[in-house]
$ cat final-v4.pdb   # PDB, C-alpha atoms
ATOM      1  CA  MET A   1     -21.461  -8.541 -19.005  1.00  0.00           C
ATOM      2  CA  GLY A   2     -23.325  -5.867 -20.932  1.00  0.00           C
ATOM      3  CA  ARG A   3     -24.716  -2.400 -20.541  1.00  0.00           C
ATOM      4  CA  VAL A   4     -28.436  -1.623 -20.603  1.00  0.00           C
ATOM      5  CA  SER A   5     -29.455   1.335 -22.785  1.00  0.00           C
ATOM      6  CA  GLN A   6     -31.363   4.229 -21.242  1.00  0.00           C
ATOM      7  CA  ASP A   7     -34.536   3.504 -23.229  1.00  0.00           C
ATOM      8  CA  SER A   8     -34.798  -0.054 -21.854  1.00  0.00           C
ATOM      9  CA  PRO A   9     -37.345  -0.804 -19.093  1.00  0.00           C
ATOM     10  CA  LEU A  10     -34.453  -2.475 -17.215  1.00  0.00           C
ATOM     11  CA  TYR A  11     -32.438   0.752 -17.045  1.00  0.00           C
ATOM     12  CA  GLY A  12     -31.877   1.866 -13.440  1.00  0.00           C
ATOM     13  CA  LYS A  13     -33.022  -1.457 -11.995  1.00  0.00           C
ATOM     14  CA  ARG A  14     -30.943  -3.762  -9.842  1.00  0.00           C
ATOM     15  CA  GLY A  15     -31.369  -7.306  -8.649  1.00  0.00           C
ATOM     16  CA  ARG A  16     -31.942 -10.740 -10.141  1.00  0.00           C
ATOM     17  CA  ILE A  17     -34.345 -11.526 -12.973  1.00  0.00           C
ATOM     18  CA  GLY A  18     -34.222 -15.248 -13.720  1.00  0.00           C
ATOM     19  CA  PRO A  19     -30.722 -16.074 -14.961  1.00  0.00           C
ATOM     20  CA  LEU A  20     -29.664 -12.384 -15.101  1.00  0.00           C
ATOM     21  CA  ILE A  21     -28.170 -10.067 -12.480  1.00  0.00           C
ATOM     22  CA  LEU A  22     -28.685  -6.307 -12.859  1.00  0.00           C
ATOM     23  CA  ARG A  23     -26.402  -3.881 -11.015  1.00  0.00           C
ATOM     24  CA  GLN A  24     -25.487  -0.208 -11.030  1.00  0.00           C
ATOM     25  CA  LEU A  25     -21.905   0.845 -11.773  1.00  0.00           C
ATOM     26  CA  ASN A  26     -20.856   4.474 -12.278  1.00  0.00           C
ATOM     27  CA  GLY A  27     -24.376   5.527 -13.237  1.00  0.00           C
ATOM     28  CA  GLU A  28     -24.864   2.710 -15.737  1.00  0.00           C
ATOM     29  CA  THR A  29     -26.973  -0.422 -15.498  1.00  0.00           C
ATOM     30  CA  ILE A  30     -24.901  -3.554 -16.050  1.00  0.00           C
ATOM     31  CA  VAL A  31     -26.388  -6.986 -16.822  1.00  0.00           C
ATOM     32  CA  GLN A  32     -24.552 -10.272 -16.407  1.00  0.00           C
ATOM     33  CA  ALA A  33     -25.370 -13.963 -16.180  1.00  0.00           C
ATOM     34  CA  ALA A  34     -26.017 -15.394 -12.726  1.00  0.00           C
ATOM     35  CA  GLU A  35     -23.807 -18.258 -11.567  1.00  0.00           C
ATOM     36  CA  ARG A  36     -25.064 -21.722 -12.385  1.00  0.00           C
ATOM     37  CA  GLY A  37     -24.849 -24.665 -10.014  1.00  0.00           C
ATOM     38  CA  PRO A  38     -22.925 -24.994  -6.777  1.00  0.00           C
ATOM     39  CA  ARG A  39     -19.676 -23.126  -6.395  1.00  0.00           C
ATOM     40  CA  LYS A  40     -16.364 -24.917  -6.532  1.00  0.00           C
ATOM     41  CA  PRO A  41     -14.164 -24.495  -3.474  1.00  0.00           C
ATOM     42  CA  ARG A  42     -11.878 -21.471  -3.727  1.00  0.00           C
ATOM     43  CA  SER A  43      -8.172 -21.942  -4.332  1.00  0.00           C
ATOM     44  CA  GLU A  44      -5.672 -20.572  -1.803  1.00  0.00           C
ATOM     45  CA  ALA A  45      -4.866 -17.708  -4.172  1.00  0.00           C
ATOM     46  CA  GLN A  46      -8.549 -16.838  -4.586  1.00  0.00           C
ATOM     47  CA  GLN A  47      -9.117 -16.914  -0.827  1.00  0.00           C
ATOM     48  CA  ALA A  48      -6.021 -14.772  -0.223  1.00  0.00           C
ATOM     49  CA  HIS A  49      -7.312 -12.223  -2.752  1.00  0.00           C
ATOM     50  CA  LEU A  50     -10.761 -12.167  -1.122  1.00  0.00           C
ATOM     51  CA  ASP A  51      -9.164 -11.692   2.300  1.00  0.00           C
ATOM     52  CA  LEU A  52      -7.030  -8.828   0.971  1.00  0.00           C
ATOM     53  CA  THR A  53     -10.092  -7.199  -0.591  1.00  0.00           C
ATOM     54  CA  HIS A  54     -12.020  -7.564   2.676  1.00  0.00           C
ATOM     55  CA  ARG A  55      -9.197  -5.927   4.666  1.00  0.00           C
ATOM     56  CA  ALA A  56      -8.945  -3.111   2.072  1.00  0.00           C
ATOM     57  CA  ARG A  57     -12.668  -2.420   2.364  1.00  0.00           C
ATOM     58  CA  GLN A  58     -12.459  -2.383   6.163  1.00  0.00           C
ATOM     59  CA  TYR A  59      -9.580   0.079   5.918  1.00  0.00           C
ATOM     60  CA  GLY A  60     -11.562   2.256   3.484  1.00  0.00           C
ATOM     61  CA  ARG A  61     -14.580   2.335   5.827  1.00  0.00           C
ATOM     62  CA  ALA A  62     -12.382   3.169   8.826  1.00  0.00           C
ATOM     63  CA  GLN A  63     -10.738   6.044   6.939  1.00  0.00           C
ATOM     64  CA  THR A  64     -14.061   7.527   5.829  1.00  0.00           C
ATOM     65  CA  ASN A  65     -15.323   7.378   9.431  1.00  0.00           C
ATOM     66  CA  ASP A  66     -12.360   9.551  10.508  1.00  0.00           C
ATOM     67  CA  PRO A  67     -13.050  13.125   9.288  1.00  0.00           C
ATOM     68  CA  ALA A  68      -9.360  14.070   9.032  1.00  0.00           C
ATOM     69  CA  ALA A  69      -8.416  10.918   7.115  1.00  0.00           C
ATOM     70  CA  LYS A  70     -11.472  11.266   4.873  1.00  0.00           C
ATOM     71  CA  ALA A  71     -10.497  14.847   4.021  1.00  0.00           C
ATOM     72  CA  LEU A  72      -6.943  13.725   3.249  1.00  0.00           C
ATOM     73  CA  TYR A  73      -8.087  10.936   0.934  1.00  0.00           C
ATOM     74  CA  ALA A  74     -10.677  13.242  -0.666  1.00  0.00           C
ATOM     75  CA  THR A  75      -7.812  15.343  -2.040  1.00  0.00           C
ATOM     76  CA  ARG A  76      -7.027  12.517  -4.497  1.00  0.00           C
ATOM     77  CA  ILE A  77     -10.513  11.954  -5.948  1.00  0.00           C
ATOM     78  CA  THR A  78     -10.375  11.403  -9.720  1.00  0.00           C
ATOM     79  CA  LYS A  79     -12.680  10.144 -12.467  1.00  0.00           C
ATOM     80  CA  ARG A  80     -11.500   6.600 -11.657  1.00  0.00           C
ATOM     81  CA  CYS A  81     -11.518   6.936  -7.857  1.00  0.00           C
ATOM     82  CA  THR A  82     -14.754   8.784  -7.259  1.00  0.00           C
ATOM     83  CA  SER A  83     -14.762   8.975  -3.450  1.00  0.00           C
ATOM     84  CA  ALA A  84     -12.444   9.137  -0.447  1.00  0.00           C
ATOM     85  CA  TYR A  85     -13.413   5.519   0.235  1.00  0.00           C
ATOM     86  CA  THR A  86     -12.187   4.254  -3.146  1.00  0.00           C
ATOM     87  CA  VAL A  87      -8.973   6.266  -2.849  1.00  0.00           C
ATOM     88  CA  ALA A  88      -8.339   4.702   0.586  1.00  0.00           C
ATOM     89  CA  VAL A  89      -9.062   1.195  -0.737  1.00  0.00           C
ATOM     90  CA  GLN A  90      -6.669   1.775  -3.636  1.00  0.00           C
ATOM     91  CA  ASP A  91      -4.014   3.052  -1.202  1.00  0.00           C
ATOM     92  CA  TYR A  92      -4.397  -0.146   0.837  1.00  0.00           C
ATOM     93  CA  HIS A  93      -3.672  -2.237  -2.256  1.00  0.00           C
ATOM     94  CA  ASN A  94      -0.468  -0.340  -3.158  1.00  0.00           C
ATOM     95  CA  ALA A  95       2.648  -0.909  -1.062  1.00  0.00           C
ATOM     96  CA  PRO A  96       5.451   1.652  -0.991  1.00  0.00           C
ATOM     97  CA  GLU A  97       8.661   1.115  -2.948  1.00  0.00           C
ATOM     98  CA  ILE A  98      12.246   1.829  -1.927  1.00  0.00           C
ATOM     99  CA  THR A  99      13.991   3.193  -5.006  1.00  0.00           C
ATOM    100  CA  VAL A 100      17.336   4.186  -3.441  1.00  0.00           C
ATOM    101  CA  LEU A 101      19.214   2.819  -0.425  1.00  0.00           C
ATOM    102  CA  ASP A 102      22.509   4.699  -0.170  1.00  0.00           C
ATOM    103  CA  ALA A 103      24.930   3.752   2.601  1.00  0.00           C
ATOM    104  CA  SER A 104      28.048   5.144   0.895  1.00  0.00           C
ATOM    105  CA  GLY A 105      28.336   7.717   3.705  1.00  0.00           C
ATOM    106  CA  TYR A 106      28.405   5.051   6.430  1.00  0.00           C
ATOM    107  CA  GLN A 107      31.964   4.407   7.639  1.00  0.00           C
ATOM    108  CA  GLY A 108      31.179   3.088  11.120  1.00  0.00           C
ATOM    109  CA  ARG A 109      31.310   6.464  12.867  1.00  0.00           C
ATOM    110  CA  VAL A 110      28.619   8.145  14.942  1.00  0.00           C
ATOM    111  CA  GLY A 111      26.633  10.509  12.722  1.00  0.00           C
ATOM    112  CA  ASP A 112      27.380   8.702   9.447  1.00  0.00           C
ATOM    113  CA  ALA A 113      24.484   8.897   7.005  1.00  0.00           C
ATOM    114  CA  VAL A 114      22.257   6.286   5.417  1.00  0.00           C
ATOM    115  CA  TRP A 115      19.906   7.742   2.799  1.00  0.00           C
ATOM    116  CA  VAL A 116      16.633   6.167   1.696  1.00  0.00           C
ATOM    117  CA  ARG A 117      14.354   7.275  -1.127  1.00  0.00           C
ATOM    118  CA  ALA A 118      10.921   5.695  -0.880  1.00  0.00           C
ATOM    119  CA  THR A 119       7.776   6.361  -2.879  1.00  0.00           C
ATOM    120  CA  ASP A 120       4.130   5.431  -2.547  1.00  0.00           C
ATOM    121  CA  ASP A 121       0.956   6.320  -4.418  1.00  0.00           C
ATOM    122  CA  PHE A 122      -0.269   8.250  -1.395  1.00  0.00           C
ATOM    123  CA  GLY A 123       2.869   8.848   0.634  1.00  0.00           C
ATOM    124  CA  VAL A 124       5.419   7.182   2.879  1.00  0.00           C
ATOM    125  CA  VAL A 125       4.801   7.917   6.574  1.00  0.00           C
ATOM    126  CA  SER A 126       7.949   6.431   8.113  1.00  0.00           C
ATOM    127  CA  VAL A 127      11.230   4.697   7.310  1.00  0.00           C
ATOM    128  CA  TYR A 128      12.983   2.382   9.759  1.00  0.00           C
ATOM    129  CA  VAL A 129      16.685   1.504   9.352  1.00  0.00           C
ATOM    130  CA  ARG A 130      18.609  -1.397  10.884  1.00  0.00           C
ATOM    131  CA  LEU A 131      22.357  -1.998  10.744  1.00  0.00           C
ATOM    132  CA  LEU A 132      23.224  -5.685  11.085  1.00  0.00           C
ATOM    133  CA  ALA A 133      26.601  -7.285  11.778  1.00  0.00           C
ATOM    134  CA  PRO A 134      27.912  -9.870   9.277  1.00  0.00           C
ATOM    135  CA  ASP A 135      26.691 -12.677  11.596  1.00  0.00           C
ATOM    136  CA  GLY A 136      23.148 -11.217  11.528  1.00  0.00           C
ATOM    137  CA  GLY A 137      23.351  -9.606  14.972  1.00  0.00           C
ATOM    138  CA  LEU A 138      21.802  -6.178  15.447  1.00  0.00           C
ATOM    139  CA  ARG A 139      24.287  -3.297  15.659  1.00  0.00           C
ATOM    140  CA  GLU A 140      21.715  -0.512  15.827  1.00  0.00           C
ATOM    141  CA  GLU A 141      18.307   0.535  14.567  1.00  0.00           C
ATOM    142  CA  GLY A 142      16.041   3.541  14.487  1.00  0.00           C
ATOM    143  CA  LEU A 143      13.698   5.815  12.586  1.00  0.00           C
ATOM    144  CA  ALA A 144      14.967   7.891   9.702  1.00  0.00           C
ATOM    145  CA  SER A 145      13.899  11.516   9.454  1.00  0.00           C
ATOM    146  CA  LEU A 146      12.199  13.055   6.437  1.00  0.00           C
ATOM    147  CA  GLN A 147      14.308  15.733   4.773  1.00  0.00           C
ATOM    148  CA  ASP A 148      13.216  18.748   2.693  1.00  0.00           C
ATOM    149  CA  THR A 149      14.260  16.853  -0.461  1.00  0.00           C
ATOM    150  CA  GLY A 150      11.675  14.127   0.244  1.00  0.00           C
ATOM    151  CA  ASP A 151      14.419  11.599   1.058  1.00  0.00           C
ATOM    152  CA  TRP A 152      14.812   9.942   4.446  1.00  0.00           C
ATOM    153  CA  LEU A 153      18.031  10.248   6.507  1.00  0.00           C
ATOM    154  CA  TYR A 154      19.243   7.914   9.231  1.00  0.00           C
ATOM    155  CA  ARG A 155      22.313   8.927  11.255  1.00  0.00           C
ATOM    156  CA  ALA A 156      24.380   6.205  12.946  1.00  0.00           C
ATOM    157  CA  THR A 157      24.330   6.349  16.752  1.00  0.00           C
ATOM    158  CA  ARG A 158      27.066   3.825  17.628  1.00  0.00           C
ATOM    159  CA  PRO A 159      30.627   3.464  16.378  1.00  0.00           C
ATOM    160  CA  THR A 160      31.879   0.183  14.962  1.00  0.00           C
ATOM    161  CA  SER A 161      35.427  -0.888  14.182  1.00  0.00           C
ATOM    162  CA  SER A 162      34.621  -2.606  10.869  1.00  0.00           C
ATOM    163  CA  VAL A 163      31.847  -1.985   8.407  1.00  0.00           C
ATOM    164  CA  GLN A 164      32.969  -4.850   6.150  1.00  0.00           C
ATOM    165  CA  GLY A 165      30.013  -7.234   5.779  1.00  0.00           C
ATOM    166  CA  THR A 166      27.533  -4.917   7.510  1.00  0.00           C
ATOM    167  CA  VAL A 167      24.003  -5.268   6.153  1.00  0.00           C
ATOM    168  CA  VAL A 168      21.846  -2.158   5.962  1.00  0.00           C
ATOM    169  CA  GLU A 169      18.108  -2.860   6.007  1.00  0.00           C
ATOM    170  CA  ALA A 170      15.497  -0.194   5.347  1.00  0.00           C
ATOM    171  CA  LYS A 171      11.730  -0.572   5.739  1.00  0.00           C
ATOM    172  CA  ALA A 172       9.309   2.020   4.357  1.00  0.00           C
ATOM    173  CA  TYR A 173       5.721   2.171   5.667  1.00  0.00           C
ATOM    174  CA  ASP A 174       2.654   3.842   4.136  1.00  0.00           C
ATOM    175  CA  ARG A 175      -0.602   4.976   5.823  1.00  0.00           C
ATOM    176  CA  PRO A 176      -2.341   1.558   5.676  1.00  0.00           C
ATOM    177  CA  GLY A 177       0.756  -0.135   7.119  1.00  0.00           C
ATOM    178  CA  ASN A 178       2.094  -1.718   3.929  1.00  0.00           C
ATOM    179  CA  VAL A 179       5.837  -2.308   4.055  1.00  0.00           C
ATOM    180  CA  ALA A 180       8.644  -2.270   1.491  1.00  0.00           C
ATOM    181  CA  THR A 181      11.990  -3.750   2.552  1.00  0.00           C
ATOM    182  CA  GLU A 182      15.393  -3.276   0.946  1.00  0.00           C
ATOM    183  CA  ARG A 183      18.726  -4.726   2.054  1.00  0.00           C
ATOM    184  CA  LEU A 184      22.247  -3.688   1.114  1.00  0.00           C
ATOM    185  CA  ALA A 185      25.461  -5.494   2.066  1.00  0.00           C
ATOM    186  CA  LEU A 186      28.538  -3.314   2.501  1.00  0.00           C
TER     187      LEU A 186
END

$ encode --input "final-v4.pdb" --output "structure tokens"
Amino acid sequence: MGRVSQDSPLYGKRGRIGPLILRQLNGETIVQAAERGPRKPRSEAQQAHLDLTHRARQYGRAQTNDPAAKALYATRITKRCTSAYTVAVQDYHNAPEITVLDASGYQGRVGDAVWVRATDDFGVVSVYVRLLAPDGGLREEGLASLQDTGDWLYRATRPTSSVQGTVVEAKAYDRPGNVATERLAL
């Protein structure tokens, strides 16, 4: 792949010229060799990547068709992400991350606290917490609430006689629906 200088007659052109493909990228004309011969079948990993890219582009188009979402994504335009569309596509590719799952305040009483700290490149929109019995059965579940500190708080709603072996599971969701899951055994 190479760049075409501004004094070249090919500058600003796009399309195929014999074995060369000309395209425009960030205001520059790029030239690269066209593929030769029939394509090999894609591997599963290649197909999965293409499917992910297709879904990300669909998400980006949907967000730019919604004026409120487009305005929100437009707040993060940079030199690298030059439009609300590219910011939305990048957001689709980046899942949130749970950095802290703190159940030290959970003692099996109603109102006991489970704290979750989750981050995302564009923002976490919800956190869902499940408390599981040692045998895997569901004790309780529900949405955590966002606190002024930026952390998420879940308060227990049911008492339990023993917290030994309880598994706390937290799931953080971002705008595109990507999920991060963290589990903690007590």

$ closest_residue --input "final-v4.pdb" --among "A:Asp91, A:Glu169, A:Glu28, A:Glu35" --to "Leu143 (chain A)" --atoms "only C-alpha atoms"
A:Glu169

$ resolve_selection --input "final-v4.pdb" --expression "the PyMOL selection byres ((chain A and resi 20) around 8)" --output "VMD selection string"
chain A and resid 16 to 19 21 to 22 31 to 34

$ write_last_selection --input "final-v4.pdb" --atoms "C-alpha atoms" --output "JSON list (two decimals), keeping the file's coordinate frame"
[["chain", "number", "residue", "atom", "x", "y", "z"],
["A", 16, "ARG", "CA", -31.94, -10.74, -10.14],
["A", 17, "ILE", "CA", -34.34, -11.53, -12.97],
["A", 18, "GLY", "CA", -34.22, -15.25, -13.72],
["A", 19, "PRO", "CA", -30.72, -16.07, -14.96],
["A", 21, "ILE", "CA", -28.17, -10.07, -12.48],
["A", 22, "LEU", "CA", -28.68, -6.31, -12.86],
["A", 31, "VAL", "CA", -26.39, -6.99, -16.82],
["A", 32, "GLN", "CA", -24.55, -10.27, -16.41],
["A", 33, "ALA", "CA", -25.37, -13.96, -16.18],
["A", 34, "ALA", "CA", -26.02, -15.39, -12.73]]

$ atom_distance --input "final-v4.pdb" --atom1 "CA of Pro176 (chain A)" --atom2 "CA of Tyr59 (chain A)"
7.4 Å

$ closest_residue --input "final-v4.pdb" --among "A:Asp120, A:Ala170, A:Pro159, A:Glu44" --to "Glu141 (chain A)" --atoms "all atoms listed in the file"
A:Ala170

$ closest_residue --input "final-v4.pdb" --among "A:Ile30, A:Ala156, A:Leu186, A:Val124" --to "Asp174 (chain A)" --atoms "only C-alpha atoms"
A:Val124

$ atom_distance --input "final-v4.pdb" --atom1 "CA of Tyr154 (chain A)" --atom2 "CA of Val127 (chain A)"
8.8 Å

$ build_atoms --input "final-v4.pdb" --residues "region 32-51 of chain A" --atoms "N, CA and C atoms" --output "PDB file, in the coordinates of the input"
ATOM      1  N   GLN A  32     -25.448  -9.138 -16.235  1.00  0.00           N
ATOM      2  CA  GLN A  32     -24.552 -10.272 -16.407  1.00  0.00           C
ATOM      3  C   GLN A  32     -25.284 -11.544 -16.018  1.00  0.00           C
ATOM      4  N   ALA A  33     -24.755 -12.668 -16.467  1.00  0.00           N
ATOM      5  CA  ALA A  33     -25.370 -13.963 -16.180  1.00  0.00           C
ATOM      6  C   ALA A  33     -25.125 -14.333 -14.722  1.00  0.00           C
ATOM      7  N   ALA A  34     -26.151 -14.895 -14.093  1.00  0.00           N
ATOM      8  CA  ALA A  34     -26.017 -15.394 -12.726  1.00  0.00           C
ATOM      9  C   ALA A  34     -25.221 -16.692 -12.752  1.00  0.00           C
ATOM     10  N   GLU A  35     -24.568 -17.009 -11.648  1.00  0.00           N
ATOM     11  CA  GLU A  35     -23.807 -18.258 -11.567  1.00  0.00           C
ATOM     12  C   GLU A  35     -24.755 -19.441 -11.650  1.00  0.00           C
ATOM     13  N   ARG A  36     -24.262 -20.505 -12.273  1.00  0.00           N
ATOM     14  CA  ARG A  36     -25.064 -21.722 -12.385  1.00  0.00           C
ATOM     15  C   ARG A  36     -24.460 -22.804 -11.505  1.00  0.00           C
ATOM     16  N   GLY A  37     -25.294 -23.514 -10.798  1.00  0.00           N
ATOM     17  CA  GLY A  37     -24.849 -24.665 -10.014  1.00  0.00           C
ATOM     18  C   GLY A  37     -24.083 -24.272  -8.768  1.00  0.00           C
ATOM     19  N   PRO A  38     -23.674 -25.284  -8.008  1.00  0.00           N
ATOM     20  CA  PRO A  38     -22.925 -24.994  -6.777  1.00  0.00           C
ATOM     21  C   PRO A  38     -21.520 -24.494  -7.103  1.00  0.00           C
ATOM     22  N   ARG A  39     -21.018 -23.673  -6.220  1.00  0.00           N
ATOM     23  CA  ARG A  39     -19.676 -23.126  -6.395  1.00  0.00           C
ATOM     24  C   ARG A  39     -18.617 -24.170  -6.088  1.00  0.00           C
ATOM     25  N   LYS A  40     -17.518 -24.083  -6.837  1.00  0.00           N
ATOM     26  CA  LYS A  40     -16.364 -24.917  -6.532  1.00  0.00           C
ATOM     27  C   LYS A  40     -15.652 -24.284  -5.343  1.00  0.00           C
ATOM     28  N   PRO A  41     -14.931 -25.083  -4.563  1.00  0.00           N
ATOM     29  CA  PRO A  41     -14.164 -24.495  -3.474  1.00  0.00           C
ATOM     30  C   PRO A  41     -13.116 -23.520  -4.034  1.00  0.00           C
ATOM     31  N   ARG A  42     -12.856 -22.471  -3.284  1.00  0.00           N
ATOM     32  CA  ARG A  42     -11.878 -21.471  -3.727  1.00  0.00           C
ATOM     33  C   ARG A  42     -10.458 -22.019  -3.564  1.00  0.00           C
ATOM     34  N   SER A  43      -9.583 -21.596  -4.459  1.00  0.00           N
ATOM     35  CA  SER A  43      -8.172 -21.942  -4.332  1.00  0.00           C
ATOM     36  C   SER A  43      -7.557 -21.058  -3.238  1.00  0.00           C
ATOM     37  N   GLU A  44      -6.350 -21.393  -2.817  1.00  0.00           N
ATOM     38  CA  GLU A  44      -5.672 -20.572  -1.803  1.00  0.00           C
ATOM     39  C   GLU A  44      -5.451 -19.155  -2.316  1.00  0.00           C
ATOM     40  N   ALA A  45      -5.098 -19.031  -3.591  1.00  0.00           N
ATOM     41  CA  ALA A  45      -4.866 -17.708  -4.172  1.00  0.00           C
ATOM     42  C   ALA A  45      -6.158 -16.896  -4.206  1.00  0.00           C
ATOM     43  N   GLN A  46      -7.263 -17.541  -4.569  1.00  0.00           N
ATOM     44  CA  GLN A  46      -8.549 -16.838  -4.586  1.00  0.00           C
ATOM     45  C   GLN A  46      -8.937 -16.388  -3.185  1.00  0.00           C
ATOM     46  N   GLN A  47      -8.762 -17.264  -2.200  1.00  0.00           N
ATOM     47  CA  GLN A  47      -9.117 -16.914  -0.827  1.00  0.00           C
ATOM     48  C   GLN A  47      -8.230 -15.789  -0.303  1.00  0.00           C
ATOM     49  N   ALA A  48      -6.938 -15.840  -0.642  1.00  0.00           N
ATOM     50  CA  ALA A  48      -6.021 -14.772  -0.223  1.00  0.00           C
ATOM     51  C   ALA A  48      -6.446 -13.435  -0.827  1.00  0.00           C
ATOM     52  N   HIS A  49      -6.863 -13.455  -2.097  1.00  0.00           N
ATOM     53  CA  HIS A  49      -7.312 -12.223  -2.752  1.00  0.00           C
ATOM     54  C   HIS A  49      -8.589 -11.691  -2.097  1.00  0.00           C
ATOM     55  N   LEU A  50      -9.531 -12.588  -1.793  1.00  0.00           N
ATOM     56  CA  LEU A  50     -10.761 -12.167  -1.122  1.00  0.00           C
ATOM     57  C   LEU A  50     -10.467 -11.590   0.261  1.00  0.00           C
ATOM     58  N   ASP A  51      -9.540 -12.202   0.980  1.00  0.00           N
ATOM     59  CA  ASP A  51      -9.164 -11.692   2.300  1.00  0.00           C
ATOM     60  C   ASP A  51      -8.534 -10.307   2.187  1.00  0.00           C
TER      61      ASP A  51
END
